[in-house]
Amino acid sequence: MATPQADDDLVPSTTQGYKLGEKKTVDEYTKLDAEDKALARWKASLGLGVGDTIGDPNDKRLVVILQLSLEVLGRPDVVLDLTTPNALEQLASKPFTIKEGAQYSMKVQFRVQHEVISGLRYLQKVQRKSIQVDKSEEMMGSFAPNTKQNPLYEKKFAQEEAPSGMLYRGHYEVHSRFMDDDRNIHLEFHWTFDIKKSWD
């Protein structure tokens with residue numbers, strides 16, 4: 001797990017005055033202030049203390065991104081299984097095609113293991129011909145380790161519309177990152193897409 005460099009601009013936005021709480025283990029959260037009803041509701045919403053966790057003790061990752069999907073209305077989903085070897089390398093070398101004006105959204109399936117993750121976000125920076133044309137951040141939420149009863153999480157991002165017109169057609173490069181409130185980078189990768197006049 002890495003943290004961003006000081007000059008890195010692909011980092012989560014911050015809210016002035018917000019202070020991140022003290023990091024605690026799953027056991028500490030479970031036993032914390034049992035008489036506090038608001039905290040009990042928060043712990044229940046995360047699923048803390050419900051079921052047996054399924055994290056692999058030999059896998060030190062805290063967030064495991066299992067699958068990314070590109071969903072386009074009226075078309076089959078483009079699904080990338082990140083559990084396969086060389087999946088990220090293939091993603092970087094094989095561009096997605098997006099028809100101009102198409103509405104699309106991304107979806108991610110992931111697993112959390114070993115500890116509670118606070119403020120997980122998806123960040124991306126889009127460039128065309130080395131010029132940044134878009135930067136976005138999608139808050140995913142806070143998550144307890146997955147259990148046998150809840151083996152994975154799924155998050156669908158906000159729908160977007162591909163730009164239209166001759167000026168927008170072409171090749172785009174994307175730098176993506178999954179990061180939490182502690183500024184831990186759980187997955188970082190590069191991918192590309194082409195905006196074309198048609199799907200072919």
# chains A, B, ... in the order shown; residues from 1 in each chain; ligands from 1
$ residues_around --residues "region 144-159 of chain A" --least-positions-apart "2" --cutoff "8 Å" --atoms "only C-alpha atoms" --output "CSV table (one decimal) with C-alpha atoms, in the first residue's frame"
chain,number,residue,atom,x,y,z
A,26,VAL,CA,-12.2,-4.2,14.0
A,46,LEU,CA,-21.0,-1.2,8.4
A,47,GLY,CA,-21.9,-4.8,9.4
A,48,LEU,CA,-19.3,-4.8,12.2
A,50,VAL,CA,-22.0,-9.7,12.1
A,51,GLY,CA,-20.6,-13.0,10.7
A,52,ASP,CA,-17.1,-14.5,10.1
A,53,THR,CA,-14.7,-12.4,8.2
A,54,ILE,CA,-13.2,-13.9,5.0
A,55,GLY,CA,-9.9,-12.0,4.6
A,103,GLN,CA,-24.3,7.5,-21.5
A,104,TYR,CA,-22.1,5.2,-19.4
A,105,SER,CA,-21.1,4.5,-15.9
A,106,MET,CA,-18.4,2.4,-14.1
A,107,LYS,CA,-19.1,-0.2,-11.6
A,108,VAL,CA,-16.6,-1.8,-9.2
A,109,GLN,CA,-16.7,-5.0,-7.1
A,110,PHE,CA,-14.3,-5.2,-4.2
A,111,ARG,CA,-13.5,-6.9,-0.9
A,112,VAL,CA,-12.3,-5.4,2.3
A,113,GLN,CA,-10.2,-7.4,4.7
A,114,HIS,CA,-8.4,-7.1,8.0
A,115,GLU,CA,-9.7,-3.6,9.1
A,116,VAL,CA,-12.4,-1.0,8.7
A,117,ILE,CA,-11.7,1.3,5.7
A,138,GLU,CA,-16.3,9.5,-6.4
A,140,MET,CA,-17.6,5.1,-2.2
A,142,SER,CA,-16.7,3.4,4.7
A,161,GLU,CA,-22.1,11.3,-20.9
$ closest_residue --among "A:Ser93, A:Tyr172, A:Gly119, A:Gly165" --to "Val133 (chain A)" --atoms "only C-alpha atoms"
A:Tyr172
$ select_by_dssp --residues "region 29-194 of chain A" --states "alpha helix (DSSP H)" --output "list in words"
Tyr29, Thr30, Lys31, Lys37, Ala38, Leu39, Ala40, Arg41, Trp42, Lys43, Ala44, Ser45, Leu46, Ala87, Leu88, Glu89, Gln90, Leu91, Ala92 and Ser93 of chain A
$ write_last_selection --atoms "C-alpha atoms" --output "compact mmCIF listing (two decimals), in the first residue's frame"
# COMPACT_ATOMS: atom_id res chain seq x y z
CA TYR A 29 -14.68 -0.81 17.00
CA THR A 30 -16.87 -3.76 17.99
CA LYS A 31 -16.27 -3.18 21.72
CA LYS A 37 -26.95 4.18 20.35
CA ALA A 38 -25.71 6.39 17.49
CA LEU A 39 -22.40 4.55 17.40
CA ALA A 40 -24.22 1.21 17.56
CA ARG A 41 -26.28 2.22 14.49
CA TRP A 42 -23.10 3.24 12.65
CA LYS A 43 -21.41 -0.08 13.50
CA ALA A 44 -24.52 -1.98 12.37
CA SER A 45 -24.60 -0.04 9.08
CA LEU A 46 -21.02 -1.19 8.43
CA ALA A 87 -5.26 -7.68 -16.08
CA LEU A 88 -3.98 -4.17 -15.34
CA GLU A 89 -1.36 -4.38 -18.10
CA GLN A 90 -4.08 -5.41 -20.57
CA LEU A 91 -6.25 -2.54 -19.39
CA ALA A 92 -3.46 -0.04 -20.11
CA SER A 93 -2.72 -1.40 -23.58
$ closest_residue --among "A:Met166, A:Met179, A:Val174, A:Val63" --to "Trp191 (chain A)" --atoms "only C-alpha atoms"
A:Val174
$ atom_distance --atom1 "CA of Phe189 (chain A)" --atom2 "CA of Glu173 (chain A)"
10.9 Å
$ closest_residue --among "A:Tyr168, A:Phe178, A:Phe193, A:Trp199" --to "Phe96 (chain A)" --atoms "only C-alpha atoms"
A:Phe193
$ residues_around --residues "Leu82 (chain A)" --least-positions-apart "3" --cutoff "7 Å" --atoms "only C-alpha atoms" --output "list in words"
Ile65, Leu66, Gln67 and Ala87 of chain A
$ write_last_selection --atoms "C-alpha atoms" --output "PDB file, in the first residue's frame"
ATOM      1  CA  ILE A  65     -10.486  -4.658  -6.265  1.00  0.00           C
ATOM      2  CA  LEU A  66     -11.988  -7.735  -7.927  1.00  0.00           C
ATOM      3  CA  GLN A  67     -13.739  -6.410 -11.028  1.00  0.00           C
ATOM      4  CA  ALA A  87      -5.260  -7.681 -16.080  1.00  0.00           C
TER       5      ALA A  87
END
$ residues_around --residues "Leu10 (chain A)" --least-positions-apart "2" --cutoff "9 Å" --atoms "only C-alpha atoms" --output "compact mmCIF listing (two decimals) with all heavy atoms, in the first residue's frame"
# COMPACT_ATOMS: atom_id res chain seq x y z
N PRO A 4 0.48 8.91 -1.61
CA PRO A 4 0.87 9.81 -2.69
C PRO A 4 2.08 10.66 -2.33
O PRO A 4 2.32 10.95 -1.15
CB PRO A 4 -0.37 10.67 -2.90
CG PRO A 4 -1.15 10.56 -1.66
CD PRO A 4 -0.80 9.24 -1.03
N ASP A 8 1.92 15.20 -5.91
CA ASP A 8 0.87 14.45 -6.60
C ASP A 8 -0.44 15.21 -6.54
O ASP A 8 -0.88 15.63 -5.46
CB ASP A 8 0.73 13.08 -5.91
CG ASP A 8 -0.10 12.10 -6.69
OD1 ASP A 8 -0.85 12.51 -7.59
OD2 ASP A 8 0.00 10.91 -6.39
N PRO A 12 -7.57 12.93 -2.75
CA PRO A 12 -8.95 13.28 -2.39
C PRO A 12 -9.07 14.75 -1.99
O PRO A 12 -8.14 15.34 -1.46
CB PRO A 12 -9.26 12.38 -1.20
CG PRO A 12 -8.22 11.33 -1.18
CD PRO A 12 -7.03 11.90 -1.87
N LEU A 123 -10.61 7.99 -7.63
CA LEU A 123 -10.13 9.23 -8.22
C LEU A 123 -9.65 8.95 -9.63
O LEU A 123 -9.06 7.90 -9.88
CB LEU A 123 -8.96 9.79 -7.41
CG LEU A 123 -9.18 9.95 -5.91
CD1 LEU A 123 -7.87 10.02 -5.18
CD2 LEU A 123 -9.99 11.18 -5.65
N GLN A 124 -9.89 9.89 -10.54
CA GLN A 124 -9.35 9.71 -11.88
C GLN A 124 -9.02 11.06 -12.51
O GLN A 124 -9.67 12.06 -12.25
CB GLN A 124 -10.26 8.90 -12.77
CG GLN A 124 -11.43 9.61 -13.36
CD GLN A 124 -12.19 8.76 -14.37
OE1 GLN A 124 -12.06 7.54 -14.40
NE2 GLN A 124 -12.98 9.39 -15.17
N LYS A 125 -7.98 11.02 -13.33
CA LYS A 125 -7.54 12.18 -14.09
C LYS A 125 -7.47 11.75 -15.55
O LYS A 125 -6.84 10.74 -15.87
CB LYS A 125 -6.18 12.64 -13.58
CG LYS A 125 -5.61 13.84 -14.27
CD LYS A 125 -4.38 14.40 -13.56
CE LYS A 125 -3.30 13.39 -13.36
NZ LYS A 125 -2.07 13.97 -12.79
N LYS A 135 -10.95 15.80 -14.26
CA LYS A 135 -10.49 15.20 -13.01
C LYS A 135 -11.74 14.98 -12.17
O LYS A 135 -12.57 15.89 -12.05
CB LYS A 135 -9.51 16.13 -12.31
CG LYS A 135 -8.93 15.55 -11.04
CD LYS A 135 -7.91 16.51 -10.44
CE LYS A 135 -7.43 16.01 -9.11
NZ LYS A 135 -6.53 16.98 -8.48
N HIS A 175 -5.60 8.10 -15.55
CA HIS A 175 -4.85 7.66 -14.37
C HIS A 175 -5.88 7.51 -13.26
O HIS A 175 -6.55 8.48 -12.90
CB HIS A 175 -3.81 8.72 -14.02
CG HIS A 175 -3.00 8.40 -12.81
ND1 HIS A 175 -2.15 9.32 -12.25
CD2 HIS A 175 -2.88 7.28 -12.06
CE1 HIS A 175 -1.56 8.79 -11.20
NE2 HIS A 175 -1.99 7.56 -11.06
N SER A 176 -6.05 6.29 -12.75
CA SER A 176 -7.08 6.01 -11.74
C SER A 176 -6.45 5.52 -10.45
O SER A 176 -5.39 4.89 -10.46
CB SER A 176 -8.06 4.95 -12.25
OG SER A 176 -8.79 5.45 -13.34
N ARG A 177 -7.18 5.76 -9.36
CA ARG A 177 -6.66 5.39 -8.05
C ARG A 177 -7.82 5.15 -7.09
O ARG A 177 -8.79 5.90 -7.09
CB ARG A 177 -5.80 6.56 -7.58
CG ARG A 177 -5.10 6.38 -6.28
CD ARG A 177 -4.30 7.64 -5.94
NE ARG A 177 -3.04 7.65 -6.66
CZ ARG A 177 -2.21 8.70 -6.66
NH1 ARG A 177 -2.51 9.80 -6.00
NH2 ARG A 177 -1.08 8.63 -7.33
$ atom_distance --atom1 "CA of Leu167 (chain A)" --atom2 "CA of Asp194 (chain A)"
12.6 Å
